file data-v9.cif (mmCIF, N, CA and C atoms and all ligand atoms)
data_my_file
loop_
_atom_site.label_atom_id
_atom_site.label_comp_id
_atom_site.auth_asym_id
_atom_site.auth_seq_id
_atom_site.Cartn_x
_atom_site.Cartn_y
_atom_site.Cartn_z
N MET A 21 7.58 -40.78 -14.18
CA MET A 21 6.52 -39.90 -13.70
C MET A 21 5.35 -39.90 -14.69
N ASP A 22 4.13 -40.01 -14.15
CA ASP A 22 2.99 -40.05 -15.07
C ASP A 22 2.50 -38.64 -15.40
N TYR A 23 1.61 -38.64 -16.33
CA TYR A 23 1.12 -37.37 -16.87
C TYR A 23 0.44 -36.50 -15.81
N GLU A 24 -0.38 -37.13 -14.96
CA GLU A 24 -1.09 -36.38 -13.91
C GLU A 24 -0.12 -35.62 -13.00
N LYS A 25 0.91 -36.34 -12.64
CA LYS A 25 1.91 -35.72 -11.75
C LYS A 25 2.58 -34.52 -12.41
N LEU A 26 2.87 -34.70 -13.70
CA LEU A 26 3.48 -33.61 -14.45
C LEU A 26 2.58 -32.38 -14.49
N LEU A 27 1.30 -32.66 -14.71
CA LEU A 27 0.31 -31.60 -14.77
C LEU A 27 0.23 -30.87 -13.43
N GLU A 28 0.23 -31.67 -12.38
CA GLU A 28 0.17 -31.12 -11.03
C GLU A 28 1.35 -30.17 -10.79
N ARG A 29 2.50 -30.64 -11.21
CA ARG A 29 3.71 -29.84 -11.04
C ARG A 29 3.62 -28.52 -11.78
N ALA A 30 3.12 -28.61 -13.01
CA ALA A 30 3.01 -27.42 -13.84
C ALA A 30 2.06 -26.42 -13.18
N GLU A 31 0.96 -26.94 -12.67
CA GLU A 31 -0.01 -26.05 -12.03
C GLU A 31 0.57 -25.39 -10.78
N GLU A 32 1.33 -26.18 -10.06
CA GLU A 32 1.97 -25.66 -8.86
C GLU A 32 2.90 -24.49 -9.20
N LYS A 33 3.64 -24.71 -10.27
CA LYS A 33 4.61 -23.71 -10.71
C LYS A 33 3.88 -22.42 -11.12
N ILE A 34 2.79 -22.60 -11.88
CA ILE A 34 2.06 -21.43 -12.34
C ILE A 34 1.49 -20.65 -11.15
N SER A 35 0.89 -21.37 -10.21
CA SER A 35 0.28 -20.64 -9.10
C SER A 35 1.34 -19.94 -8.25
N LYS A 36 2.51 -20.51 -8.19
CA LYS A 36 3.58 -19.84 -7.45
C LYS A 36 3.99 -18.54 -8.14
N GLU A 37 4.01 -18.61 -9.48
CA GLU A 37 4.41 -17.41 -10.21
C GLU A 37 3.37 -16.30 -10.13
N LEU A 38 2.15 -16.66 -9.83
CA LEU A 38 1.10 -15.65 -9.73
C LEU A 38 0.95 -15.11 -8.31
N THR A 39 1.83 -15.48 -7.45
CA THR A 39 1.67 -15.02 -6.07
C THR A 39 1.80 -13.52 -5.96
N THR A 40 1.23 -13.07 -4.89
CA THR A 40 1.15 -11.65 -4.56
C THR A 40 2.44 -10.89 -4.76
N GLU A 41 3.50 -11.39 -4.20
CA GLU A 41 4.75 -10.65 -4.24
C GLU A 41 5.19 -10.33 -5.66
N GLY A 42 4.89 -11.26 -6.56
CA GLY A 42 5.29 -11.07 -7.94
C GLY A 42 4.66 -9.88 -8.61
N ARG A 43 3.36 -9.67 -8.36
CA ARG A 43 2.70 -8.61 -9.11
C ARG A 43 2.49 -7.34 -8.28
N PHE A 44 2.67 -7.43 -6.98
CA PHE A 44 2.43 -6.26 -6.15
C PHE A 44 3.74 -5.63 -5.71
N LYS A 45 3.96 -4.43 -6.17
CA LYS A 45 5.21 -3.78 -5.82
C LYS A 45 4.92 -2.34 -5.44
N ILE A 46 5.42 -1.94 -4.29
CA ILE A 46 5.27 -0.54 -3.89
C ILE A 46 6.47 0.22 -4.42
N PRO A 47 6.23 1.25 -5.23
CA PRO A 47 7.38 2.01 -5.75
C PRO A 47 8.14 2.69 -4.61
N ASP A 48 9.46 2.78 -4.74
CA ASP A 48 10.24 3.52 -3.76
C ASP A 48 9.89 5.00 -3.86
N ALA A 49 9.89 5.65 -2.72
CA ALA A 49 9.60 7.08 -2.72
C ALA A 49 10.74 7.85 -3.37
N SER A 50 10.39 8.73 -4.29
CA SER A 50 11.39 9.65 -4.85
C SER A 50 11.29 10.95 -4.07
N VAL A 51 12.34 11.25 -3.36
CA VAL A 51 12.30 12.34 -2.40
C VAL A 51 13.20 13.49 -2.83
N LEU A 52 12.67 14.69 -2.64
CA LEU A 52 13.38 15.90 -3.00
C LEU A 52 13.27 16.85 -1.80
N VAL A 53 14.41 17.23 -1.23
CA VAL A 53 14.34 18.17 -0.12
C VAL A 53 14.54 19.58 -0.67
N GLN A 54 13.53 20.42 -0.40
CA GLN A 54 13.60 21.81 -0.87
C GLN A 54 13.43 22.72 0.34
N GLY A 55 14.51 23.36 0.74
CA GLY A 55 14.45 24.20 1.93
C GLY A 55 14.07 23.36 3.13
N ASN A 56 12.96 23.71 3.76
CA ASN A 56 12.52 22.95 4.93
C ASN A 56 11.43 21.95 4.59
N ASN A 57 11.22 21.72 3.31
CA ASN A 57 10.17 20.80 2.91
C ASN A 57 10.73 19.57 2.22
N THR A 58 10.02 18.47 2.42
CA THR A 58 10.37 17.25 1.70
C THR A 58 9.24 16.94 0.73
N ILE A 59 9.60 16.84 -0.54
CA ILE A 59 8.61 16.56 -1.58
C ILE A 59 8.75 15.11 -2.02
N VAL A 60 7.65 14.41 -2.04
CA VAL A 60 7.64 13.07 -2.63
C VAL A 60 7.08 13.23 -4.03
N THR A 61 7.98 13.11 -5.02
CA THR A 61 7.57 13.46 -6.38
C THR A 61 6.70 12.39 -7.04
N ASN A 62 6.81 11.16 -6.58
CA ASN A 62 5.99 10.10 -7.22
C ASN A 62 4.85 9.65 -6.29
N PHE A 63 4.32 10.60 -5.55
CA PHE A 63 3.31 10.26 -4.55
C PHE A 63 2.05 9.62 -5.16
N SER A 64 1.58 10.19 -6.27
CA SER A 64 0.35 9.64 -6.87
C SER A 64 0.60 8.23 -7.41
N GLU A 65 1.81 8.00 -7.86
CA GLU A 65 2.18 6.66 -8.36
C GLU A 65 2.13 5.64 -7.20
N ILE A 66 2.63 6.05 -6.04
CA ILE A 66 2.63 5.16 -4.88
C ILE A 66 1.20 4.88 -4.44
N ALA A 67 0.39 5.94 -4.36
CA ALA A 67 -1.00 5.77 -3.94
C ALA A 67 -1.76 4.87 -4.91
N SER A 68 -1.50 5.02 -6.21
CA SER A 68 -2.25 4.18 -7.15
C SER A 68 -1.74 2.74 -7.13
N ALA A 69 -0.46 2.53 -6.83
CA ALA A 69 0.04 1.16 -6.69
C ALA A 69 -0.63 0.48 -5.49
N LEU A 70 -0.88 1.27 -4.45
CA LEU A 70 -1.53 0.74 -3.26
C LEU A 70 -3.05 0.70 -3.42
N GLU A 71 -3.52 1.33 -4.50
CA GLU A 71 -4.95 1.48 -4.75
C GLU A 71 -5.68 2.14 -3.59
N ARG A 72 -5.08 3.19 -3.11
CA ARG A 72 -5.68 3.95 -2.03
C ARG A 72 -5.76 5.42 -2.38
N ASP A 73 -6.69 6.11 -1.71
CA ASP A 73 -6.85 7.54 -1.89
C ASP A 73 -5.58 8.25 -1.42
N PRO A 74 -4.97 9.07 -2.29
CA PRO A 74 -3.74 9.77 -1.89
C PRO A 74 -3.92 10.58 -0.60
N ARG A 75 -5.13 11.11 -0.40
CA ARG A 75 -5.38 11.92 0.80
C ARG A 75 -5.30 11.08 2.07
N HIS A 76 -5.72 9.82 1.95
CA HIS A 76 -5.68 8.92 3.10
C HIS A 76 -4.23 8.59 3.45
N LEU A 77 -3.45 8.29 2.42
CA LEU A 77 -2.02 8.00 2.60
C LEU A 77 -1.29 9.23 3.17
N LEU A 78 -1.65 10.39 2.64
CA LEU A 78 -1.03 11.64 3.11
C LEU A 78 -1.29 11.87 4.60
N LYS A 79 -2.53 11.63 4.99
CA LYS A 79 -2.91 11.82 6.39
C LYS A 79 -2.10 10.89 7.30
N PHE A 80 -1.96 9.65 6.86
CA PHE A 80 -1.20 8.67 7.64
C PHE A 80 0.27 9.10 7.76
N LEU A 81 0.86 9.47 6.65
CA LEU A 81 2.28 9.84 6.66
C LEU A 81 2.52 11.11 7.49
N SER A 82 1.60 12.07 7.37
CA SER A 82 1.71 13.29 8.16
C SER A 82 1.76 12.98 9.65
N LYS A 83 0.87 12.06 10.03
CA LYS A 83 0.81 11.71 11.45
C LYS A 83 2.08 10.95 11.87
N GLN A 84 2.49 10.00 11.04
CA GLN A 84 3.68 9.20 11.35
C GLN A 84 4.95 10.05 11.43
N LEU A 85 5.05 11.01 10.53
CA LEU A 85 6.24 11.86 10.49
C LEU A 85 6.10 13.06 11.43
N ALA A 86 4.91 13.19 12.00
CA ALA A 86 4.60 14.36 12.82
C ALA A 86 4.93 15.64 12.06
N ALA A 87 4.52 15.66 10.79
CA ALA A 87 4.80 16.80 9.93
C ALA A 87 3.57 17.11 9.09
N PRO A 88 3.16 18.38 9.04
CA PRO A 88 2.03 18.71 8.18
C PRO A 88 2.36 18.41 6.73
N GLY A 89 1.39 17.87 6.01
CA GLY A 89 1.62 17.53 4.61
C GLY A 89 0.53 18.08 3.73
N SER A 90 0.85 18.28 2.47
CA SER A 90 -0.18 18.72 1.53
C SER A 90 0.06 18.08 0.17
N LEU A 91 -1.01 17.99 -0.59
CA LEU A 91 -0.91 17.44 -1.93
C LEU A 91 -0.76 18.58 -2.92
N GLU A 92 0.16 18.40 -3.84
CA GLU A 92 0.37 19.42 -4.88
C GLU A 92 0.46 18.68 -6.20
N GLY A 93 -0.66 18.62 -6.88
CA GLY A 93 -0.70 17.83 -8.10
C GLY A 93 -0.47 16.37 -7.75
N GLY A 94 0.46 15.73 -8.41
CA GLY A 94 0.75 14.33 -8.10
C GLY A 94 1.81 14.16 -7.02
N ARG A 95 2.23 15.28 -6.42
CA ARG A 95 3.28 15.23 -5.40
C ARG A 95 2.71 15.45 -4.02
N ALA A 96 3.50 15.08 -3.03
CA ALA A 96 3.13 15.39 -1.66
C ALA A 96 4.28 16.16 -1.04
N SER A 97 3.94 17.14 -0.23
CA SER A 97 4.96 17.96 0.41
C SER A 97 4.78 17.88 1.92
N PHE A 98 5.89 17.61 2.61
CA PHE A 98 5.85 17.54 4.07
C PHE A 98 6.79 18.59 4.65
N LEU A 99 6.35 19.20 5.73
CA LEU A 99 7.19 20.18 6.40
C LEU A 99 8.24 19.44 7.22
N GLY A 100 9.49 19.67 6.88
CA GLY A 100 10.58 18.99 7.58
C GLY A 100 11.45 18.25 6.57
N LYS A 101 12.58 17.76 7.04
CA LYS A 101 13.49 17.04 6.13
C LYS A 101 13.45 15.56 6.44
N PHE A 102 13.10 14.79 5.46
CA PHE A 102 13.00 13.34 5.63
C PHE A 102 13.73 12.63 4.50
N SER A 103 14.29 11.48 4.86
CA SER A 103 15.02 10.73 3.85
C SER A 103 14.07 9.77 3.12
N GLU A 104 14.56 9.28 1.99
CA GLU A 104 13.82 8.30 1.22
C GLU A 104 13.51 7.06 2.07
N GLY A 105 14.51 6.63 2.85
CA GLY A 105 14.33 5.46 3.71
C GLY A 105 13.25 5.66 4.75
N GLN A 106 13.18 6.85 5.32
CA GLN A 106 12.14 7.15 6.31
C GLN A 106 10.76 7.06 5.67
N LEU A 107 10.65 7.67 4.49
CA LEU A 107 9.37 7.63 3.78
C LEU A 107 8.99 6.21 3.42
N ASP A 108 9.95 5.46 2.88
CA ASP A 108 9.67 4.09 2.46
C ASP A 108 9.18 3.24 3.62
N SER A 109 9.80 3.40 4.79
CA SER A 109 9.40 2.54 5.91
C SER A 109 8.00 2.91 6.41
N LYS A 110 7.64 4.20 6.35
CA LYS A 110 6.29 4.62 6.74
C LYS A 110 5.26 4.13 5.73
N ILE A 111 5.64 4.14 4.46
CA ILE A 111 4.72 3.67 3.42
C ILE A 111 4.48 2.15 3.58
N LYS A 112 5.53 1.44 3.95
CA LYS A 112 5.39 0.00 4.21
C LYS A 112 4.46 -0.26 5.39
N LEU A 113 4.61 0.61 6.39
CA LEU A 113 3.75 0.51 7.57
C LEU A 113 2.28 0.71 7.17
N TYR A 114 2.07 1.69 6.31
CA TYR A 114 0.73 1.97 5.80
C TYR A 114 0.16 0.76 5.07
N ALA A 115 0.99 0.18 4.21
CA ALA A 115 0.55 -0.99 3.44
C ALA A 115 0.17 -2.14 4.39
N GLY A 116 0.97 -2.32 5.44
CA GLY A 116 0.70 -3.38 6.40
C GLY A 116 -0.61 -3.17 7.13
N GLU A 117 -0.93 -1.92 7.36
CA GLU A 117 -2.14 -1.60 8.12
C GLU A 117 -3.38 -1.48 7.24
N TYR A 118 -3.23 -0.90 6.04
CA TYR A 118 -4.39 -0.53 5.24
C TYR A 118 -4.48 -1.19 3.87
N VAL A 119 -3.53 -2.02 3.52
CA VAL A 119 -3.60 -2.65 2.20
C VAL A 119 -3.60 -4.17 2.30
N PHE A 120 -2.66 -4.73 3.04
CA PHE A 120 -2.57 -6.19 3.11
C PHE A 120 -3.63 -6.76 4.05
N CYS A 121 -4.26 -7.84 3.59
CA CYS A 121 -5.29 -8.51 4.40
C CYS A 121 -4.61 -9.19 5.59
N PRO A 122 -5.13 -8.93 6.80
CA PRO A 122 -4.51 -9.54 7.98
C PRO A 122 -4.77 -11.05 8.07
N VAL A 123 -5.75 -11.52 7.32
CA VAL A 123 -6.10 -12.94 7.38
C VAL A 123 -5.28 -13.77 6.39
N CYS A 124 -5.30 -13.36 5.11
CA CYS A 124 -4.60 -14.18 4.12
C CYS A 124 -3.31 -13.52 3.62
N GLY A 125 -3.09 -12.26 3.98
CA GLY A 125 -1.83 -11.60 3.63
C GLY A 125 -1.76 -11.06 2.21
N LYS A 126 -2.89 -11.13 1.48
CA LYS A 126 -2.87 -10.63 0.10
C LYS A 126 -3.24 -9.16 0.06
N PRO A 127 -2.78 -8.45 -0.99
CA PRO A 127 -3.09 -7.02 -1.06
C PRO A 127 -4.40 -6.73 -1.78
N ASP A 128 -5.22 -7.75 -2.01
CA ASP A 128 -6.45 -7.57 -2.78
C ASP A 128 -7.60 -7.04 -1.93
N THR A 129 -7.36 -5.92 -1.30
CA THR A 129 -8.39 -5.38 -0.41
C THR A 129 -8.92 -4.06 -0.94
N LYS A 130 -10.12 -3.72 -0.50
CA LYS A 130 -10.62 -2.38 -0.81
C LYS A 130 -11.43 -1.86 0.36
N PHE A 131 -11.60 -0.55 0.37
CA PHE A 131 -12.38 0.07 1.43
C PHE A 131 -13.85 0.08 1.02
N ILE A 132 -14.68 -0.32 1.94
CA ILE A 132 -16.12 -0.28 1.66
C ILE A 132 -16.83 0.42 2.81
N GLU A 133 -18.08 0.84 2.54
CA GLU A 133 -18.92 1.42 3.59
C GLU A 133 -20.01 0.42 3.89
N GLU A 134 -20.17 0.10 5.15
CA GLU A 134 -21.24 -0.81 5.53
C GLU A 134 -22.00 -0.19 6.69
N LYS A 135 -23.25 0.17 6.44
CA LYS A 135 -24.07 0.85 7.45
C LYS A 135 -23.33 2.04 8.05
N GLY A 136 -22.71 2.81 7.18
CA GLY A 136 -22.03 4.02 7.63
C GLY A 136 -20.67 3.77 8.28
N VAL A 137 -20.24 2.53 8.29
CA VAL A 137 -18.94 2.22 8.91
C VAL A 137 -17.96 1.83 7.81
N SER A 138 -16.77 2.43 7.85
CA SER A 138 -15.76 2.09 6.86
C SER A 138 -15.08 0.78 7.23
N LYS A 139 -15.00 -0.10 6.26
CA LYS A 139 -14.33 -1.37 6.50
C LYS A 139 -13.39 -1.69 5.34
N MET A 140 -12.45 -2.55 5.64
CA MET A 140 -11.55 -3.03 4.60
C MET A 140 -11.99 -4.45 4.28
N LYS A 141 -12.30 -4.66 3.00
CA LYS A 141 -12.76 -5.99 2.60
C LYS A 141 -11.70 -6.63 1.71
N CYS A 142 -11.44 -7.91 1.97
CA CYS A 142 -10.49 -8.64 1.16
C CYS A 142 -11.22 -9.37 0.04
N GLU A 143 -10.82 -9.11 -1.19
CA GLU A 143 -11.43 -9.74 -2.34
C GLU A 143 -10.99 -11.19 -2.47
N ALA A 144 -9.83 -11.50 -1.90
CA ALA A 144 -9.27 -12.84 -2.04
C ALA A 144 -9.93 -13.83 -1.09
N CYS A 145 -10.09 -13.46 0.19
CA CYS A 145 -10.64 -14.43 1.15
C CYS A 145 -11.97 -13.99 1.74
N GLY A 146 -12.41 -12.76 1.42
CA GLY A 146 -13.73 -12.32 1.87
C GLY A 146 -13.79 -11.77 3.28
N SER A 147 -12.66 -11.72 3.97
CA SER A 147 -12.71 -11.23 5.35
C SER A 147 -12.86 -9.71 5.37
N LYS A 148 -13.46 -9.23 6.45
CA LYS A 148 -13.63 -7.78 6.62
C LYS A 148 -13.08 -7.36 7.96
N ARG A 149 -12.57 -6.16 7.99
CA ARG A 149 -12.13 -5.63 9.29
C ARG A 149 -12.42 -4.14 9.34
N PHE A 150 -12.53 -3.63 10.54
CA PHE A 150 -12.71 -2.19 10.69
C PHE A 150 -11.42 -1.49 10.30
N ILE A 151 -11.58 -0.31 9.75
CA ILE A 151 -10.40 0.47 9.39
C ILE A 151 -10.05 1.36 10.56
N LYS A 152 -8.83 1.23 11.00
CA LYS A 152 -8.37 2.07 12.12
C LYS A 152 -8.36 3.52 11.70
N LYS A 153 -8.85 4.35 12.59
CA LYS A 153 -8.81 5.80 12.33
C LYS A 153 -7.35 6.27 12.41
N ILE A 154 -7.03 7.17 11.47
CA ILE A 154 -5.68 7.73 11.50
C ILE A 154 -5.68 8.88 12.49
ZN ZN B 201 -7.75 -12.02 2.74
#
call {"tool": "encode", "arguments": {"input": "data-v9.cif", "output": "structure tokens", "more": "lines below"}}
Ligand SMILES: [Zn+2]
result
Amino acid sequence: MDYEKLLERAEEKISKELTTEGRFKIPDASVLVQGNNTIVTNFSEIASALERDPRHLLKFLSKQLAAPGSLEGGRASFLGKFSEGQLDSKIKLYAGEYVFCPVCGKPDTKFIEEKGVSKMKCEACGSKRFIKKI
């Protein structure tokens, strides 16, 4: 094998190691049921991993769980009893809708305002899409 081929291989390996899945991880929800409320104790951590406004995530989860929610410091509280698995699957749903780019599948997106319209812009491939109202 010649040097060029070796170099090519090395580059391939490096780019694979830098793929999205490697560096992007959504923390599992830490859930605490208190009476009739479910508290997500690491809510701010999850929102910052997703790089989204906690209030936006809260609104989505409230609607998905059909449960009123509120922010209390870095925690979120929902009326009703929910399991960690329920929360995790809704958070994944949120990421699929509001974090991952539908074109290239990378999580390098951010919300922007364009002529008064909120859009999600992908930093990786440059595509834009309208943000669905929650
Ligand atoms: Zn993209």
call {"tool": "residues_near_point", "arguments": {"input": "data-v9.cif", "point": "(3.4, -2.7, -3.8)", "cutoff": "6 Å", "atoms": "all atoms listed in the file", "output": "JSON list (two decimals) with N, CA and C atoms, in the coordinates of the input"}}
result
[["chain", "number", "residue", "atom", "x", "y", "z"],
["A", 44, "PHE", "N", 2.67, -7.43, -6.98],
["A", 44, "PHE", "CA", 2.43, -6.26, -6.15],
["A", 44, "PHE", "C", 3.74, -5.63, -5.71],
["A", 45, "LYS", "N", 3.96, -4.43, -6.17],
["A", 45, "LYS", "CA", 5.21, -3.78, -5.82],
["A", 45, "LYS", "C", 4.92, -2.34, -5.44],
["A", 46, "ILE", "N", 5.42, -1.94, -4.29],
["A", 46, "ILE", "CA", 5.27, -0.54, -3.89],
["A", 46, "ILE", "C", 6.47, 0.22, -4.42],
["A", 47, "PRO", "N", 6.23, 1.25, -5.23],
["A", 47, "PRO", "CA", 7.38, 2.01, -5.75],
["A", 47, "PRO", "C", 8.14, 2.69, -4.61],
["A", 69, "ALA", "N", -0.46, 2.53, -6.83],
["A", 69, "ALA", "CA", 0.04, 1.16, -6.69],
["A", 69, "ALA", "C", -0.63, 0.48, -5.49],
["A", 70, "LEU", "N", -0.88, 1.27, -4.45],
["A", 70, "LEU", "CA", -1.53, 0.74, -3.26],
["A", 70, "LEU", "C", -3.05, 0.70, -3.42]]
call {"tool": "atom_distance", "arguments": {"input": "data-v9.cif", "atom1": "atom C of Val119 (chain A)", "atom2": "atom C of Glu92 (chain A)"}}
result
24.7 Å
call {"tool": "closest_atom_pairs", "arguments": {"input": "data-v9.cif", "of": "chain A", "to": "ligand ZN 201 (chain B)", "cutoff": "6.5 Å", "atoms": "only N, CA and C atoms and all ligand atoms", "output": "CSV"}}
result
residue,atom,partner,partner_atom,distance
A:Cys121,CA,B:ZN201,ZN,4.6
A:Pro122,N,B:ZN201,ZN,5.7
A:Val123,C,B:ZN201,ZN,4.7
A:Cys124,N,B:ZN201,ZN,3.7
A:Gly125,N,B:ZN201,ZN,4.8
A:Lys126,N,B:ZN201,ZN,5.1
A:Cys142,CA,B:ZN201,ZN,4.6
A:Glu143,N,B:ZN201,ZN,5.8
A:Ala144,C,B:ZN201,ZN,4.8
A:Cys145,N,B:ZN201,ZN,3.7
A:Gly146,N,B:ZN201,ZN,4.9
A:Ser147,N,B:ZN201,ZN,5.1
call {"tool": "closest_residue", "arguments": {"input": "data-v9.cif", "among": "A:Lys148, A:Lys25, A:Pro74, A:Ser50", "to": "Leu91 (chain A)", "atoms": "all atoms listed in the file"}}
result
A:Pro74
call {"tool": "select_by_dssp", "arguments": {"input": "data-v9.cif", "residues": "region 39-147 of chain A", "states": "strand (DSSP E)", "output": "list of chain:residue names"}}
result
A:Val51, A:Leu52, A:Val53, A:Gln54, A:Asn57, A:Thr58, A:Ile59, A:Val60, A:Gly89, A:Ser90, A:Leu91, A:Glu92, A:Arg95, A:Ala96, A:Ser97, A:Phe98, A:Leu99, A:Thr129, A:Lys130, A:Phe131, A:Ile132, A:Glu133, A:Glu134, A:Val137, A:Ser138, A:Lys139, A:Met140, A:Lys141, A:Cys142
call {"tool": "atom_distance", "arguments": {"input": "data-v9.cif", "atom1": "atom N of Thr58 (chain A)", "atom2": "CA of Leu99 (chain A)"}}
result
5.2 Å
